[in-house]
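Trainee: Here you go, this is my_file.cif (mmCIF, C-alpha atoms).
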```cif
data_work
#
loop_
_atom_site.label_atom_id
_atom_site.label_comp_id
_atom_site.auth_asym_id
_atom_site.auth_seq_id
_atom_site.Cartn_x
_atom_site.Cartn_y
_atom_site.Cartn_z
CA MET A 277 -207.28 -9.53 -22.42
CA SER A 278 -206.06 -6.81 -20.09
CA PRO A 279 -204.98 -3.57 -21.77
CA GLN A 280 -201.28 -3.06 -22.51
CA ALA A 281 -199.38 -0.69 -20.25
CA ARG A 282 -196.88 1.48 -22.10
CA LEU A 283 -193.90 3.62 -21.20
CA LEU A 284 -194.88 7.06 -22.48
CA SER A 285 -191.79 8.90 -21.26
CA LEU A 286 -188.64 8.56 -19.19
CA ALA A 287 -186.48 11.27 -17.61
CA THR A 288 -183.39 11.31 -15.40
CA ALA A 289 -181.70 13.89 -13.20
CA VAL A 290 -178.59 14.20 -11.05
CA PRO A 291 -177.60 16.77 -8.41
CA PRO A 292 -175.02 19.48 -9.14
CA TYR A 293 -171.81 18.29 -7.48
CA VAL A 294 -169.61 16.08 -9.69
CA PHE A 295 -166.87 13.93 -8.13
CA LEU A 296 -164.16 12.24 -10.12
CA GLN A 297 -163.28 8.86 -8.67
CA SER A 298 -159.62 9.85 -8.62
CA GLU A 299 -160.55 12.91 -6.57
CA VAL A 300 -162.43 10.83 -4.00
CA ARG A 301 -159.55 8.39 -3.67
CA GLY A 302 -157.14 11.29 -3.29
CA ARG A 303 -159.04 12.54 -0.24
CA ILE A 304 -158.96 9.27 1.67
CA ASP A 305 -156.75 10.82 4.36
CA ARG A 306 -159.49 13.37 5.07
CA LEU A 307 -162.26 10.77 5.11
CA PHE A 308 -160.71 7.94 7.10
CA ASP A 309 -158.08 7.25 9.71
CA ARG A 310 -155.31 5.58 7.68
CA SER A 311 -153.88 4.06 10.86
CA ALA A 312 -156.97 1.82 11.02
CA GLY A 313 -155.52 -0.32 8.23
CA ILE A 314 -157.81 0.58 5.33
CA ASP A 315 -155.03 0.56 2.72
CA ARG A 316 -155.74 -3.06 1.87
CA MET A 317 -159.31 -2.07 0.85
CA LEU A 318 -158.36 0.93 -1.30
CA PRO A 319 -158.12 -1.06 -4.56
CA VAL A 320 -161.93 -1.07 -4.58
CA PHE A 321 -161.78 2.55 -5.79
CA ASP A 322 -159.57 1.59 -8.73
CA ASN A 323 -161.56 -1.55 -9.62
CA ALA A 324 -165.07 -0.09 -9.28
CA GLY A 325 -165.34 0.81 -12.98
CA ILE A 326 -166.45 4.34 -12.04
CA GLU A 327 -164.95 7.56 -13.40
CA ARG A 328 -167.38 10.14 -12.02
CA ARG A 329 -170.36 10.41 -9.68
CA HIS A 330 -172.88 13.05 -8.59
CA SER A 331 -173.70 14.25 -5.09
CA CYS A 332 -176.27 16.56 -3.53
CA VAL A 333 -173.64 17.94 -1.16
CA PRO A 334 -170.08 19.21 -1.82
CA MET A 335 -167.01 17.11 -1.14
CA GLU A 336 -166.25 19.07 2.04
CA TRP A 337 -169.48 17.81 3.60
CA TYR A 338 -168.11 14.28 3.68
CA GLU A 339 -165.06 15.38 5.65
CA GLN A 340 -167.13 16.18 8.77
CA PRO A 341 -169.31 13.98 11.02
CA HIS A 342 -173.09 14.32 10.68
CA GLY A 343 -176.12 13.13 12.60
CA TRP A 344 -179.53 11.71 11.72
CA THR A 345 -181.37 15.03 11.81
CA GLU A 346 -179.06 16.79 9.38
CA ARG A 347 -178.74 13.82 7.03
CA ASN A 348 -182.47 13.27 6.75
CA ALA A 349 -183.25 16.98 6.29
CA LEU A 350 -180.80 17.01 3.37
CA TYR A 351 -182.43 13.84 2.02
CA VAL A 352 -185.93 15.31 2.00
CA GLN A 353 -184.85 18.67 0.56
CA ASN A 354 -182.72 17.25 -2.25
CA ALA A 355 -185.05 14.36 -3.04
CA LEU A 356 -187.90 16.81 -3.60
CA ASP A 357 -185.71 19.02 -5.82
CA LEU A 358 -184.78 16.07 -8.04
CA MET A 359 -188.32 14.68 -8.05
CA GLU A 360 -189.71 18.01 -9.22
CA ARG A 361 -187.20 18.11 -12.09
CA VAL A 362 -187.95 14.61 -13.37
CA THR A 363 -191.71 15.16 -12.92
CA LEU A 364 -191.65 18.21 -15.15
CA ASP A 365 -189.42 16.47 -17.72
CA SER A 366 -191.48 13.25 -17.75
CA VAL A 367 -194.78 15.07 -18.15
CA ALA A 368 -193.42 17.31 -20.92
CA LYS A 369 -191.92 14.37 -22.83
CA ALA A 370 -195.26 12.55 -22.66
CA GLY A 371 -197.11 15.59 -23.99
CA LEU A 372 -199.19 15.82 -20.83
CA ALA A 373 -199.92 18.41 -18.15
CA LEU A 374 -199.50 18.02 -14.40
CA ASP A 375 -203.27 17.74 -14.00
CA ASP A 376 -203.21 14.67 -16.25
CA ILE A 377 -201.37 12.62 -13.60
CA ASP A 378 -203.84 10.23 -11.95
CA ALA A 379 -201.50 8.15 -9.77
CA LEU A 380 -198.10 8.74 -8.16
CA ILE A 381 -195.66 6.00 -7.12
CA VAL A 382 -192.48 7.02 -5.31
CA VAL A 383 -189.61 4.57 -4.71
CA SER A 384 -186.80 5.46 -2.30
CA THR A 385 -184.76 3.73 0.41
CA THR A 386 -182.06 6.23 1.44
CA GLY A 387 -184.06 8.36 3.88
CA ILE A 388 -187.42 8.63 5.61
CA ALA A 389 -190.32 11.08 5.46
CA THR A 390 -193.78 11.01 7.03
CA PRO A 391 -195.82 12.45 5.38
CA SER A 392 -194.01 10.57 2.62
CA LEU A 393 -192.23 12.13 -0.35
CA ASP A 394 -195.27 11.72 -2.60
CA ALA A 395 -197.44 13.81 -0.28
CA LEU A 396 -194.72 16.45 0.04
CA LEU A 397 -194.42 16.62 -3.76
CA ILE A 398 -198.18 16.97 -4.20
CA GLU A 399 -198.14 19.99 -1.91
CA ARG A 400 -195.02 21.47 -3.47
CA MET A 401 -196.14 21.12 -7.10
CA HIS A 402 -199.87 21.60 -6.53
CA LEU A 403 -200.73 18.24 -8.05
CA ARG A 404 -204.33 17.06 -8.16
CA ARG A 405 -205.89 16.44 -4.77
CA ASP A 406 -207.48 13.17 -5.88
CA ILE A 407 -204.22 11.64 -7.10
CA ARG A 408 -203.63 8.05 -5.99
CA ARG A 409 -200.52 7.76 -3.80
CA HIS A 410 -198.17 4.84 -3.28
CA ALA A 411 -194.86 5.13 -1.42
CA ILE A 412 -192.45 2.17 -1.69
CA PHE A 413 -189.58 1.87 0.79
CA GLY A 414 -186.93 -0.77 1.44
CA LEU A 415 -186.38 -2.37 -1.97
CA GLY A 416 -182.90 -0.88 -2.41
CA CYS A 417 -181.23 -1.60 -5.73
CA GLY A 418 -184.17 -3.71 -6.89
CA GLY A 419 -186.63 -0.84 -6.49
CA GLY A 420 -186.31 0.58 -10.00
CA VAL A 421 -187.44 -2.60 -11.73
CA THR A 422 -190.15 -3.36 -9.17
CA GLY A 423 -191.33 0.25 -9.29
CA LEU A 424 -191.82 0.04 -13.06
CA ALA A 425 -193.69 -3.23 -12.62
CA ARG A 426 -196.02 -1.69 -10.02
CA ALA A 427 -196.61 1.32 -12.26
CA ALA A 428 -197.60 -0.98 -15.13
CA GLU A 429 -199.93 -2.91 -12.83
CA ALA A 430 -201.55 0.33 -11.65
CA ALA A 431 -202.04 1.50 -15.24
CA ARG A 432 -203.65 -1.79 -16.26
CA ALA A 433 -205.90 -1.77 -13.19
CA VAL A 434 -207.47 1.56 -14.21
CA PRO A 435 -207.26 1.81 -18.01
CA GLY A 436 -206.86 5.38 -19.17
CA CYS A 437 -205.07 6.60 -16.05
CA ASN A 438 -201.60 8.11 -16.23
CA VAL A 439 -199.20 6.80 -13.61
CA LEU A 440 -196.15 8.83 -12.64
CA LEU A 441 -193.30 6.73 -11.24
CA LEU A 442 -190.54 8.58 -9.39
CA VAL A 443 -187.38 6.90 -8.14
CA VAL A 444 -184.93 8.93 -6.07
CA GLU A 445 -181.91 7.76 -4.11
CA LEU A 446 -179.32 9.86 -2.26
CA CYS A 447 -176.91 7.11 -1.35
CA GLY A 448 -174.04 9.50 -0.65
CA LEU A 449 -175.77 10.86 2.45
CA THR A 450 -175.27 7.50 4.17
CA PHE A 451 -171.45 7.92 4.15
CA ARG A 452 -169.97 7.61 7.64
CA LYS A 453 -166.66 9.39 8.28
CA ASN A 454 -164.00 7.20 9.92
CA ASP A 455 -166.18 4.08 9.71
CA VAL A 456 -163.61 1.67 8.31
CA SER A 457 -165.98 -1.28 7.95
CA LYS A 458 -165.87 -3.05 4.61
CA GLY A 459 -169.45 -2.00 3.80
CA ASN A 460 -168.73 1.70 4.30
CA ILE A 461 -165.51 1.56 2.25
CA VAL A 462 -167.29 -0.23 -0.61
CA GLY A 463 -170.19 2.23 -0.41
CA THR A 464 -167.77 5.14 -0.51
CA ALA A 465 -166.28 3.75 -3.73
CA LEU A 466 -169.66 3.03 -5.39
CA PHE A 467 -172.51 5.16 -4.10
CA SER A 468 -173.90 8.29 -5.75
CA ASP A 469 -177.11 10.31 -6.03
CA GLY A 470 -179.74 10.52 -8.76
CA ALA A 471 -183.40 10.30 -9.71
CA ALA A 472 -185.59 9.15 -12.55
CA GLY A 473 -189.21 9.55 -13.55
CA ALA A 474 -191.52 7.74 -15.95
CA ILE A 475 -195.08 8.08 -17.19
CA VAL A 476 -196.88 4.75 -17.65
CA SER A 477 -200.34 4.43 -19.19
CA CYS A 478 -202.51 2.21 -21.37
CA GLU A 479 -203.22 5.24 -23.55
CA GLY A 480 -200.60 6.51 -25.98
CA ASP A 481 -197.54 5.12 -27.71
CA GLY A 482 -194.36 3.60 -26.34
CA PRO A 483 -192.70 0.35 -25.34
CA THR A 484 -195.06 -2.13 -23.71
CA PHE A 485 -194.67 -3.81 -20.34
CA GLY A 486 -194.98 -7.56 -20.16
CA ALA A 487 -194.75 -9.97 -17.26
CA SER A 488 -193.03 -9.09 -14.00
CA GLY A 489 -191.92 -11.09 -11.01
CA GLU A 490 -189.66 -11.38 -8.00
CA TYR A 491 -187.74 -14.15 -6.33
CA THR A 492 -186.62 -13.96 -2.69
CA TRP A 493 -183.99 -16.47 -1.65
CA PRO A 494 -184.34 -18.15 1.76
CA ASP A 495 -182.02 -17.29 4.65
CA THR A 496 -180.57 -14.23 2.91
CA LEU A 497 -181.78 -11.32 5.03
CA ASP A 498 -178.20 -10.59 6.05
CA ILE A 499 -176.82 -10.10 2.53
CA MET A 500 -177.75 -6.44 2.00
CA GLY A 501 -179.57 -3.66 3.82
CA TRP A 502 -179.24 -0.87 6.36
CA ASP A 503 -178.21 -1.13 9.99
CA ILE A 504 -179.71 1.71 12.00
CA GLU A 505 -177.04 3.60 13.93
CA GLU A 506 -177.20 6.68 16.13
CA ASP A 507 -175.87 8.91 13.35
CA GLY A 508 -177.78 7.45 10.42
CA LEU A 509 -178.04 4.51 8.06
CA LYS A 510 -175.07 2.15 7.85
CA VAL A 511 -174.83 0.01 4.73
CA ARG A 512 -174.74 -3.75 5.22
CA PHE A 513 -172.93 -6.00 2.74
CA SER A 514 -172.59 -9.23 4.70
CA ARG A 515 -171.79 -11.79 2.02
CA ASN A 516 -169.93 -12.03 -1.25
CA ILE A 517 -172.73 -10.68 -3.43
CA PRO A 518 -171.06 -11.35 -6.83
CA ALA A 519 -170.44 -14.99 -5.90
CA PHE A 520 -174.00 -15.38 -4.67
CA VAL A 521 -175.42 -13.88 -7.88
CA GLU A 522 -173.22 -16.06 -10.07
CA GLU A 523 -174.30 -19.22 -8.26
CA ASN A 524 -177.98 -18.46 -7.74
CA LEU A 525 -179.42 -16.06 -10.35
CA ARG A 526 -179.89 -18.44 -13.29
CA ALA A 527 -182.67 -20.63 -11.89
CA PRO A 528 -184.99 -17.73 -10.86
CA ALA A 529 -184.31 -15.96 -14.17
CA ASP A 530 -185.16 -19.07 -16.17
CA GLY A 531 -188.24 -19.65 -14.03
CA PHE A 532 -189.51 -16.12 -14.54
CA LEU A 533 -188.95 -16.23 -18.29
CA ALA A 534 -190.65 -19.61 -18.59
CA SER A 535 -193.70 -18.28 -16.73
CA ALA A 536 -193.82 -15.45 -19.27
CA GLY A 537 -193.53 -17.83 -22.23
CA LEU A 538 -189.97 -16.71 -22.93
CA SER A 539 -186.40 -17.96 -22.65
CA LEU A 540 -183.03 -16.26 -22.63
CA ARG A 541 -182.78 -16.92 -26.37
CA ASP A 542 -185.79 -14.63 -26.92
CA ILE A 543 -184.14 -11.63 -25.21
CA ASP A 544 -182.63 -9.02 -27.51
CA GLY A 545 -181.40 -6.63 -24.83
CA PHE A 546 -180.57 -6.81 -21.12
CA VAL A 547 -181.24 -3.85 -18.80
CA PHE A 548 -179.61 -4.80 -15.52
CA HIS A 549 -178.91 -2.72 -12.45
CA PRO A 550 -175.13 -2.15 -12.32
CA GLY A 551 -174.43 -2.76 -8.66
CA GLY A 552 -170.73 -2.97 -9.47
CA THR A 553 -168.37 -4.38 -12.07
CA LYS A 554 -168.03 -7.70 -10.24
CA VAL A 555 -171.82 -8.04 -10.00
CA LEU A 556 -172.17 -7.41 -13.75
CA THR A 557 -169.52 -10.03 -14.49
CA ALA A 558 -171.35 -12.45 -12.20
CA ILE A 559 -174.61 -11.83 -14.09
CA GLU A 560 -172.89 -12.46 -17.42
CA THR A 561 -171.46 -15.72 -16.11
CA ALA A 562 -174.71 -16.87 -14.51
CA LEU A 563 -176.80 -16.21 -17.63
CA GLN A 564 -174.04 -17.06 -20.14
CA LEU A 565 -174.42 -13.71 -21.89
CA GLU A 566 -172.39 -12.36 -24.78
CA PRO A 567 -169.37 -10.23 -23.72
CA ASP A 568 -171.05 -6.96 -24.79
CA ALA A 569 -174.52 -7.72 -23.43
CA LEU A 570 -174.16 -5.43 -20.40
CA ASP A 571 -172.05 -2.68 -22.00
CA ILE A 572 -174.70 -0.02 -21.35
CA SER A 573 -174.97 -1.02 -17.69
CA ARG A 574 -171.19 -0.66 -17.43
CA ALA A 575 -171.27 2.74 -19.15
CA VAL A 576 -173.91 4.05 -16.74
CA LEU A 577 -171.90 2.76 -13.78
CA ARG A 578 -168.81 4.47 -15.18
CA ASP A 579 -170.51 7.85 -15.64
CA TYR A 580 -172.93 7.93 -12.69
CA GLY A 581 -171.90 5.34 -10.11
CA ASN A 582 -174.39 3.22 -8.17
CA MET A 583 -177.52 5.30 -7.52
CA SER A 584 -179.35 2.29 -6.07
CA ALA A 585 -182.90 1.93 -7.46
CA ALA A 586 -182.63 4.86 -9.86
CA THR A 587 -179.67 3.43 -11.77
CA VAL A 588 -181.55 0.85 -13.83
CA LEU A 589 -183.79 3.59 -15.24
CA PHE A 590 -180.67 5.40 -16.47
CA VAL A 591 -179.69 2.12 -18.16
CA LEU A 592 -183.16 1.77 -19.68
CA ASP A 593 -183.08 5.36 -20.94
CA ALA A 594 -179.70 4.82 -22.63
CA THR A 595 -180.79 1.45 -24.04
CA LEU A 596 -183.98 2.74 -25.64
CA ARG A 597 -182.12 5.51 -27.46
CA GLY A 598 -180.32 3.08 -29.75
CA PHE A 599 -182.15 -0.23 -29.35
CA THR A 600 -183.06 -2.03 -32.58
CA GLY A 601 -184.38 -5.28 -31.12
CA LYS A 602 -187.76 -6.15 -29.71
CA GLN A 603 -187.61 -7.97 -26.37
CA LEU A 604 -185.96 -6.49 -23.26
CA LEU A 605 -185.36 -8.07 -19.87
CA LEU A 606 -184.95 -5.73 -16.89
CA SER A 607 -183.56 -6.98 -13.60
CA GLY A 608 -182.07 -5.83 -10.32
CA VAL A 609 -181.28 -7.40 -6.96
CA GLY A 610 -181.86 -5.82 -3.58
CA PRO A 611 -182.44 -6.41 0.13
CA GLY A 612 -184.45 -9.48 0.89
CA PHE A 613 -182.33 -10.87 -0.84
CA THR A 614 -184.58 -10.47 -3.88
CA ALA A 615 -184.24 -10.48 -7.66
CA SER A 616 -186.78 -8.40 -9.58
CA PHE A 617 -187.63 -9.12 -13.23
CA LEU A 618 -189.63 -7.25 -15.86
CA ALA A 619 -190.16 -7.96 -19.56
CA MET A 620 -190.64 -5.13 -22.08
CA GLU A 621 -191.26 -5.01 -25.82
CA THR A 622 -190.21 -2.00 -27.86
CA VAL A 623 -192.59 -2.70 -30.78
#
```
Hey, can you dump this file as C-alpha cells for me?

Mentor:
Amino acid sequence: MSPQARLLSLATAVPPYVFLQSEVRGRIDRLFDRSAGIDRMLPVFDNAGIERRHSCVPMEWYEQPHGWTERNALYVQNALDLMERVTLDSVAKAGLALDDIDALIVVSTTGIATPSLDALLIERMHLRRDIRRHAIFGLGCGGGVTGLARAAEAARAVPGCNVLLLVVELCGLTFRKNDVSKGNIVGTALFSDGAAGAIVSCEGDGPTFGASGEYTWPDTLDIMGWDIEEDGLKVRFSRNIPAFVEENLRAPADGFLASAGLSLRDIDGFVFHPGGTKVLTAIETALQLEPDALDISRAVLRDYGNMSAATVLFVLDATLRGFTGKQLLLSGVGPGFTASFLAMETV
C-alpha cells in the first residue's frame, strides 16, 4: 500500500481593499458607457449572491484603462505578497520551519511570470535551493482541487517530504473598462482576489487524501477561458455554464466515485468551488443534493466572491472547522471544459 498523504495545515489570505457589491454596482457609470445598453445585464450584480469582495488595487484603479505591462506587474507583485503570507501561516500551523519544505507547487491562471512565481518566491523568502518546483497554469476555477490532488501525489511519491501548495488568483486585474461584453460584465459582478496555502505530507496528522480524477468533456474548449487582447486577458464565458453543469456533471461524478469505491450516498460533506449562485444550484440539481449541502460554498461566495482556483480552499477551510462527518468530496470545473474531483477523509 502507498502511504497516506495528509493535509497538515491550511491558510488563506486576501488583499487589503474591500468592495461591497452595492458599492461596485453604484459605480457602474464610471466603469462602463451606459449608452452601450448594459442596463439589461445589471441584475447580475443583484443576483450574484455576493456581499463583499477583496481587491489588490483600490476602486479608483478600475475607473481607468490599463495595459498588459501594468496589469502583469501588479499581478506578480501582489501574488508574491499573498503567497508569502500564506506560506508563513501554513508552515506555522503545521509546526514546521521554512527549511522543512521539500516541494513547492504553485497554481495560478490570472497572470504570467517567467521565471515562474515559485522561483520568485524561493528567491524572496530564501527557501531551500534544492526544493522541487512545479508551476501549474491554465486550470482556472478547477485549479484548487487539482492542485491539492497533485500535492497529495507528490507527497506519496516521496514519503516523508513536505509539499507546500500555493494557489493565488488576482481575477480583478482582468477587468476591462468599457468592455460591455457579457463575459466582462459577469466577471465584474463575480471576480475577486485571494490566495491559499496548504502543507501536504505523509508524515504528521490531519485529514487524508483519497482518490482524485478529472473529466474533460469533448468539444467544450469554447466554454471558459481567456482571450488574449492587446490590453490584457479577456474572460470568455461562451455557453450557459449552469445549464451545462446541470445536464452533464452527474455521470462524471458517479464515474469518479465508483472508481474510488464510493457513491454519493457515502459522502458526508461537499466542498465545491462556488463559481456563482446559478452554478451551485445546478450542482445541487445534477447531484440531487440536500438543500443545505452547499451552504458553506454559498457563504464563501457571499463574503469573498469568486477567487477562481483559490476559492475552493476557502470552502475547505471553513468546512473543516465544524465538520463532524468522515467523507468529503471536493470538486471544481474550469477551462477545458474539465471537472476535477478529490476525495478526503477527516478521520

Trainee: Calculated over all atoms listed in the file, which of the candidates A:Gly470, A:Gly463, A:Gly551, A:Gly612 has the smallest distance to Phe451 (chain A)?

Mentor: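 The closest residue to Phe451 (chain A) is A:Gly463.
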
Trainee: Go through the shown structure with the PyMOL selection byres ((chain A and resi 475) around 12) and write out the matching residues as number ranges by chain.

Mentor: A: 281-287, 362-374, 376-381, 423-424, 427-428, 430-431, 437-443, 472-474, 476-483

Trainee: A:Gln297, A:Thr614, A:Ala569, A:Ala355: which is nearest Trp493 (chain A), counting only C-alpha atoms?

Mentor: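 Nearest candidate to Trp493 (chain A) out of A:Gln297, A:Thr614, A:Ala569, A:Ala355: A:Thr614.
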
Trainee: Between CA of Thr622 (chain A) and CA of Lys602 (chain A), what is the spacing in Å?

Mentor: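 One can read the CA of Lys602 (chain A) to CA of Thr622 (chain A) distance as 5.2 Å.
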
Trainee: Select, from A:Val352, A:Ala289, A:Lys458, A:Val421, the residue with the minimum atom-to-atom distance to Ile314 (chain A), counting all atoms listed in the file.

Mentor: A:Lys458

Trainee: Using all atoms listed in the file, tabulate the residues of region 436-484 of chain A lying at most 7 Å from any atom of region 323-343 of chain A, each with its closest atom pair and that distance in Å to one decimal, by chain and increasing residue number, as JSON lines.

Mentor:
```
{"residue": "A:Gly448", "atom": "CA", "partner": "A:Ser331", "partner_atom": "CA", "distance": 6.5}
{"residue": "A:Lys453", "atom": "CA", "partner": "A:Pro341", "partner_atom": "CA", "distance": 6.0}
{"residue": "A:Ala465", "atom": "CA", "partner": "A:Ala324", "partner_atom": "CA", "distance": 6.9}
{"residue": "A:Leu466", "atom": "CA", "partner": "A:Ala324", "partner_atom": "CA", "distance": 6.8}
{"residue": "A:Ser468", "atom": "CA", "partner": "A:His330", "partner_atom": "CA", "distance": 5.6}
{"residue": "A:Asp469", "atom": "CA", "partner": "A:Ser331", "partner_atom": "CA", "distance": 5.3}
```

Trainee: Please save C-alpha atoms of the selected residues as a PDB file, in the coordinates of the input.

Mentor:
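Printed below is selection_3.pdb as written:
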```pdb
ATOM      1  CA  GLY A 448    -174.040   9.500  -0.650  1.00  0.00           C
ATOM      2  CA  LYS A 453    -166.660   9.390   8.280  1.00  0.00           C
ATOM      3  CA  ALA A 465    -166.280   3.750  -3.730  1.00  0.00           C
ATOM      4  CA  LEU A 466    -169.660   3.030  -5.390  1.00  0.00           C
ATOM      5  CA  SER A 468    -173.900   8.290  -5.750  1.00  0.00           C
ATOM      6  CA  ASP A 469    -177.110  10.310  -6.030  1.00  0.00           C
TER       7      ASP A 469
END
```

Trainee: On this structure, the PyMOL selection byres ((chain A and resi 562-566) around 12) would catch which residues? List them as number ranges by chain, sorted by chain and number.

Mentor: A: 518-530, 539-541, 543-546, 548, 555-561, 567-571

Trainee: Between A:Ile517, A:Gly537, A:Leu577, A:Asp322, which has the minimum distance to Glu299 (chain A) (counting only C-alpha atoms)?

Mentor: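 The answer is A:Asp322, which sits nearest to Glu299 (chain A).
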
Trainee: Separation of CA of Pro611 (chain A) and CA of Asp309 (chain A), in Å?

Mentor: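 Going from CA of Pro611 (chain A) over to CA of Asp309 (chain A), I get 29.5 Å.
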
Trainee: Out of A:Gly598, A:Ala534, A:Pro494, A:Arg512, which residue has the shortest atom-to-atom distance to Phe613 (chain A) when counting all atoms listed in the file?

Mentor: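 With all atoms listed in the file as the atom set, the closest residue is A:Pro494.
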
Trainee: Find, counting all atoms listed in the file, the residue in A:Ala425, A:Gly501, A:Ala433, A:Leu446 that gets nearest to Ile388 (chain A).

Mentor: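 Comparing A:Ala425, A:Gly501, A:Ala433, A:Leu446 against Ile388 (chain A), the winner is A:Leu446.
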
Trainee: Would you mind exporting region 558-596 of chain A with C-alpha atoms, as a tab-separated table (two decimals), in the first residue's frame?

Mentor:
```tsv
chain	number	residue	atom	x	y	z
A	558	ALA	CA	-27.03	23.49	-11.00
A	559	ILE	CA	-24.68	21.25	-8.99
A	560	GLU	CA	-27.39	20.61	-6.40
A	561	THR	CA	-29.84	19.67	-9.14
A	562	ALA	CA	-27.38	17.48	-11.03
A	563	LEU	CA	-26.31	15.52	-7.94
A	564	GLN	CA	-29.71	15.67	-6.20
A	565	LEU	CA	-28.18	17.14	-3.04
A	566	GLU	CA	-29.97	18.25	0.10
A	567	PRO	CA	-30.93	21.96	0.14
A	568	ASP	CA	-28.20	22.85	2.68
A	569	ALA	CA	-25.43	20.72	1.18
A	570	LEU	CA	-23.60	23.68	-0.39
A	571	ASP	CA	-24.32	26.29	2.30
A	572	ILE	CA	-20.62	26.80	3.04
A	573	SER	CA	-19.82	27.30	-0.64
A	574	ARG	CA	-22.56	29.94	-0.76
A	575	ALA	CA	-21.24	31.64	2.38
A	576	VAL	CA	-17.72	31.86	0.94
A	577	LEU	CA	-19.10	33.27	-2.32
A	578	ARG	CA	-21.09	35.83	-0.32
A	579	ASP	CA	-18.10	37.01	1.73
A	580	TYR	CA	-15.24	36.69	-0.78
A	581	GLY	CA	-16.63	36.45	-4.31
A	582	ASN	CA	-15.18	34.17	-6.97
A	583	MET	CA	-11.40	33.99	-6.50
A	584	SER	CA	-11.09	31.31	-9.18
A	585	ALA	CA	-8.87	28.38	-8.07
A	586	ALA	CA	-8.27	29.71	-4.56
A	587	THR	CA	-11.96	29.79	-3.62
A	588	VAL	CA	-12.43	26.07	-3.02
A	589	LEU	CA	-9.64	26.12	-0.43
A	590	PHE	CA	-11.55	28.82	1.47
A	591	VAL	CA	-14.56	26.48	1.35
A	592	LEU	CA	-12.44	23.57	2.59
A	593	ASP	CA	-11.00	25.68	5.41
A	594	ALA	CA	-14.49	26.71	6.57
A	595	THR	CA	-15.82	23.16	6.21
A	596	LEU	CA	-13.08	21.54	8.30
```
